[in-house]
Amino acid sequence: MLTLGYWKIRGLAANIRYQLAYSGVEYEMIEYEQKGTAPNFDSTSWFGVKHDLGFDFPNLPYLIDGDLKMTETLAIHRYIADRYKPELLGSDPLVRARVSMVEGVLLGLKNAVTGPCYASQDKVKIVTAIKSTVPIVVKYMGESRFLCGDELTYMDFYFFELVQLILMLHPTLYEEYPSLKAYSTSMRHLPGLKGYLDNSESVDNNRDFNNVCAFINGNAKFC
């Protein structure tokens with residue numbers, strides 16, 4: 001059985017959990033909880049063991065599959081796709097190129113809207129990032145059902161969670177970009193993922209987006 005490790009938040013693990021749910025893969029979830037209050041936050045649950053677990057590049061999230069121990073979010077997404085549903089990698093070189101291209105854009109957007117949450121309660125930088133990048137991504141998608149066309153890829157799980165985060169930070173998102181609401185609905189009803197999101201006990205219905213040290217935080221229950 002796979003083991004997925006991450007902070008006790010949604011962060012960069014929710015998207016991986018979505019892909020695992022869609023793929024019908026059972027796994028053990030190990031969570032590391034940040035505790036305490038400012039300025040004495042305690043993260044030793046992770047940092048106390050970080051270098052003792054045998055990873056080449058110790059980080060969160062991590063994935064363990066037998067003798068394989070790996071880190072880095074998108075590497076984990078690609079491995080799960082390759083192992084369980086290779087079609088999520090993209091059906092041909094053109095689709096795979098489009099997926100690879102959009103990866104960097106979405107990672108940049110994720111960092112741009114998440115980083116300021118840990119700096120202050122000021123959303124100016126967050127809104128600026130949303131308004132500068134989201135329209136480009138929406139145009140890139142066009143009338144396609146998914147991120148890179150009409151076939152689902154592993155990056156859709158990443159983008160779906162990023163849309164939920166942006167909606168929490170910028171509640172008028174769907175009004176400004178109705179196509180993202182339609183996209184989220186399509187994702188929300190994928191086989192396997194729908195059952196996970198409809199379960200009130202699922203991890204991501206019971207976790208905040210960011211860690212407790214963040215100035216801006218929240219959640220978005222699916223049921």
# chains A, B, ... in the order shown; residues from 1 in each chain; ligands from 1
$ select_by_dssp --residues "chain A" --states "strand (DSSP E or B)" --output "list in words"
Leu2, Thr3, Leu4, Gly5, Tyr6, Trp7, Tyr27, Glu28, Met29, Ile30, Glu31, Tyr32, Lys35, Asp42, Tyr62, Leu63, Ile64, Asp65, Leu68, Lys69, Met70, Thr71, Phe146 and Gly149 of chain A
$ write_last_selection --atoms "C-alpha atoms" --output "PDB file, in the first residue's frame"
ATOM      1  CA  LEU A   2       1.177   3.518  -0.796  1.00  0.00           C
ATOM      2  CA  THR A   3       2.018   5.967   1.965  1.00  0.00           C
ATOM      3  CA  LEU A   4       1.444   9.672   1.439  1.00  0.00           C
ATOM      4  CA  GLY A   5       2.966  12.131   3.901  1.00  0.00           C
ATOM      5  CA  TYR A   6       2.132  15.797   4.330  1.00  0.00           C
ATOM      6  CA  TRP A   7       1.176  18.519   6.772  1.00  0.00           C
ATOM      7  CA  TYR A  27      -3.110   4.484   0.636  1.00  0.00           C
ATOM      8  CA  GLU A  28      -2.040   5.329   4.155  1.00  0.00           C
ATOM      9  CA  MET A  29      -2.051   9.016   5.040  1.00  0.00           C
ATOM     10  CA  ILE A  30       0.592  10.257   7.481  1.00  0.00           C
ATOM     11  CA  GLU A  31       0.020  13.826   8.634  1.00  0.00           C
ATOM     12  CA  TYR A  32       2.395  16.166  10.421  1.00  0.00           C
ATOM     13  CA  LYS A  35       0.924  23.355  16.613  1.00  0.00           C
ATOM     14  CA  ASP A  42       5.920  24.136  16.693  1.00  0.00           C
ATOM     15  CA  TYR A  62       6.303  12.551   0.046  1.00  0.00           C
ATOM     16  CA  LEU A  63       5.219   9.201  -1.339  1.00  0.00           C
ATOM     17  CA  ILE A  64       6.412   5.742  -0.369  1.00  0.00           C
ATOM     18  CA  ASP A  65       5.685   2.723  -2.548  1.00  0.00           C
ATOM     19  CA  LEU A  68      10.503   3.758  -3.668  1.00  0.00           C
ATOM     20  CA  LYS A  69      10.707   6.914  -1.578  1.00  0.00           C
ATOM     21  CA  MET A  70      10.047  10.104  -3.486  1.00  0.00           C
ATOM     22  CA  THR A  71       9.245  13.768  -2.977  1.00  0.00           C
ATOM     23  CA  PHE A 146     -10.388  19.980 -19.043  1.00  0.00           C
ATOM     24  CA  GLY A 149      -8.233  19.728 -23.986  1.00  0.00           C
TER      25      GLY A 149
END
$ closest_atom_pairs --of "range 131-168 of chain A" --to "range 210-216 of chain A" --cutoff "12 Å" --atoms "only C-alpha atoms" --output "JSON lines"
{"residue": "A:Leu165", "atom": "CA", "partner": "A:Asn210", "partner_atom": "CA", "distance": 9.5}
{"residue": "A:Ile166", "atom": "CA", "partner": "A:Ile216", "partner_atom": "CA", "distance": 12.0}
{"residue": "A:Met168", "atom": "CA", "partner": "A:Ile216", "partner_atom": "CA", "distance": 10.0}
$ write_last_selection --atoms "N, CA and C atoms" --output "short mmCIF file (atom, residue, chain, number, x, y, z; two decimals), in the first residue's frame"
data_model
loop_
_atom_site.label_atom_id
_atom_site.label_comp_id
_atom_site.auth_asym_id
_atom_site.auth_seq_id
_atom_site.Cartn_x
_atom_site.Cartn_y
_atom_site.Cartn_z
N LEU A 165 -8.79 26.94 -3.89
CA LEU A 165 -8.03 27.87 -3.05
C LEU A 165 -8.28 29.31 -3.49
N ILE A 166 -8.22 29.56 -4.79
CA ILE A 166 -8.43 30.92 -5.29
C ILE A 166 -9.84 31.39 -4.99
N MET A 168 -11.62 30.60 -2.41
CA MET A 168 -11.64 30.99 -1.00
C MET A 168 -11.03 32.37 -0.82
#
$ atom_distance --atom1 "CA of Asp208 in chain A" --atom2 "CA of Gly11 in chain A"
8.1 Å
$ closest_residue --among "A:Ala182, A:Ala38, A:Val95, A:Ile76" --to "Asn15 in chain A" --atoms "only C-alpha atoms"
A:Ile76
$ residues_around --residues "Lys125 in chain A" --least-positions-apart "5" --cutoff "8 Å" --atoms "only C-alpha atoms" --output "PyMOL selection string"
chain A and resi 112-113+116
$ select_by_dssp --residues "range 36-133 of chain A" --states "helix (DSSP H, G or I)" --output "PyMOL selection string"
chain A and resi 44-47+50-52+73-84+86-89+93-118+124-133
$ closest_atom_pairs --of "range 124-200 of chain A" --to "range 103-107 of chain A" --cutoff "9 Å" --atoms "only C-alpha atoms" --output "CSV"
residue,atom,partner,partner_atom,distance
A:Thr133,CA,A:Val105,CA,8.1
A:Val137,CA,A:Val105,CA,8.4
A:Met155,CA,A:Glu103,CA,7.2
A:Tyr158,CA,A:Leu106,CA,8.4
A:Phe159,CA,A:Leu106,CA,7.2
A:Leu162,CA,A:Leu106,CA,8.3
$ write_last_selection --atoms "N, CA and C atoms" --output "PDB file, in the first residue's frame"
ATOM      1  N   THR A 133      -2.858  36.214 -14.097  1.00  0.00           N
ATOM      2  CA  THR A 133      -2.618  34.861 -14.622  1.00  0.00           C
ATOM      3  C   THR A 133      -3.883  34.088 -14.953  1.00  0.00           C
ATOM      4  N   VAL A 137      -4.935  31.598 -18.325  1.00  0.00           N
ATOM      5  CA  VAL A 137      -5.224  30.165 -18.226  1.00  0.00           C
ATOM      6  C   VAL A 137      -6.612  29.869 -18.784  1.00  0.00           C
ATOM      7  N   MET A 155      -2.565  16.997 -14.258  1.00  0.00           N
ATOM      8  CA  MET A 155      -2.540  18.404 -13.868  1.00  0.00           C
ATOM      9  C   MET A 155      -3.920  18.958 -13.567  1.00  0.00           C
ATOM     10  N   TYR A 158      -4.384  19.007  -9.846  1.00  0.00           N
ATOM     11  CA  TYR A 158      -3.645  20.143  -9.271  1.00  0.00           C
ATOM     12  C   TYR A 158      -4.421  21.438  -9.489  1.00  0.00           C
ATOM     13  N   PHE A 159      -4.885  21.647 -10.711  1.00  0.00           N
ATOM     14  CA  PHE A 159      -5.587  22.885 -11.036  1.00  0.00           C
ATOM     15  C   PHE A 159      -6.932  22.970 -10.325  1.00  0.00           C
ATOM     16  N   LEU A 162      -6.319  24.161  -6.948  1.00  0.00           N
ATOM     17  CA  LEU A 162      -5.889  25.558  -7.007  1.00  0.00           C
ATOM     18  C   LEU A 162      -7.088  26.477  -7.217  1.00  0.00           C
TER      19      LEU A 162
END
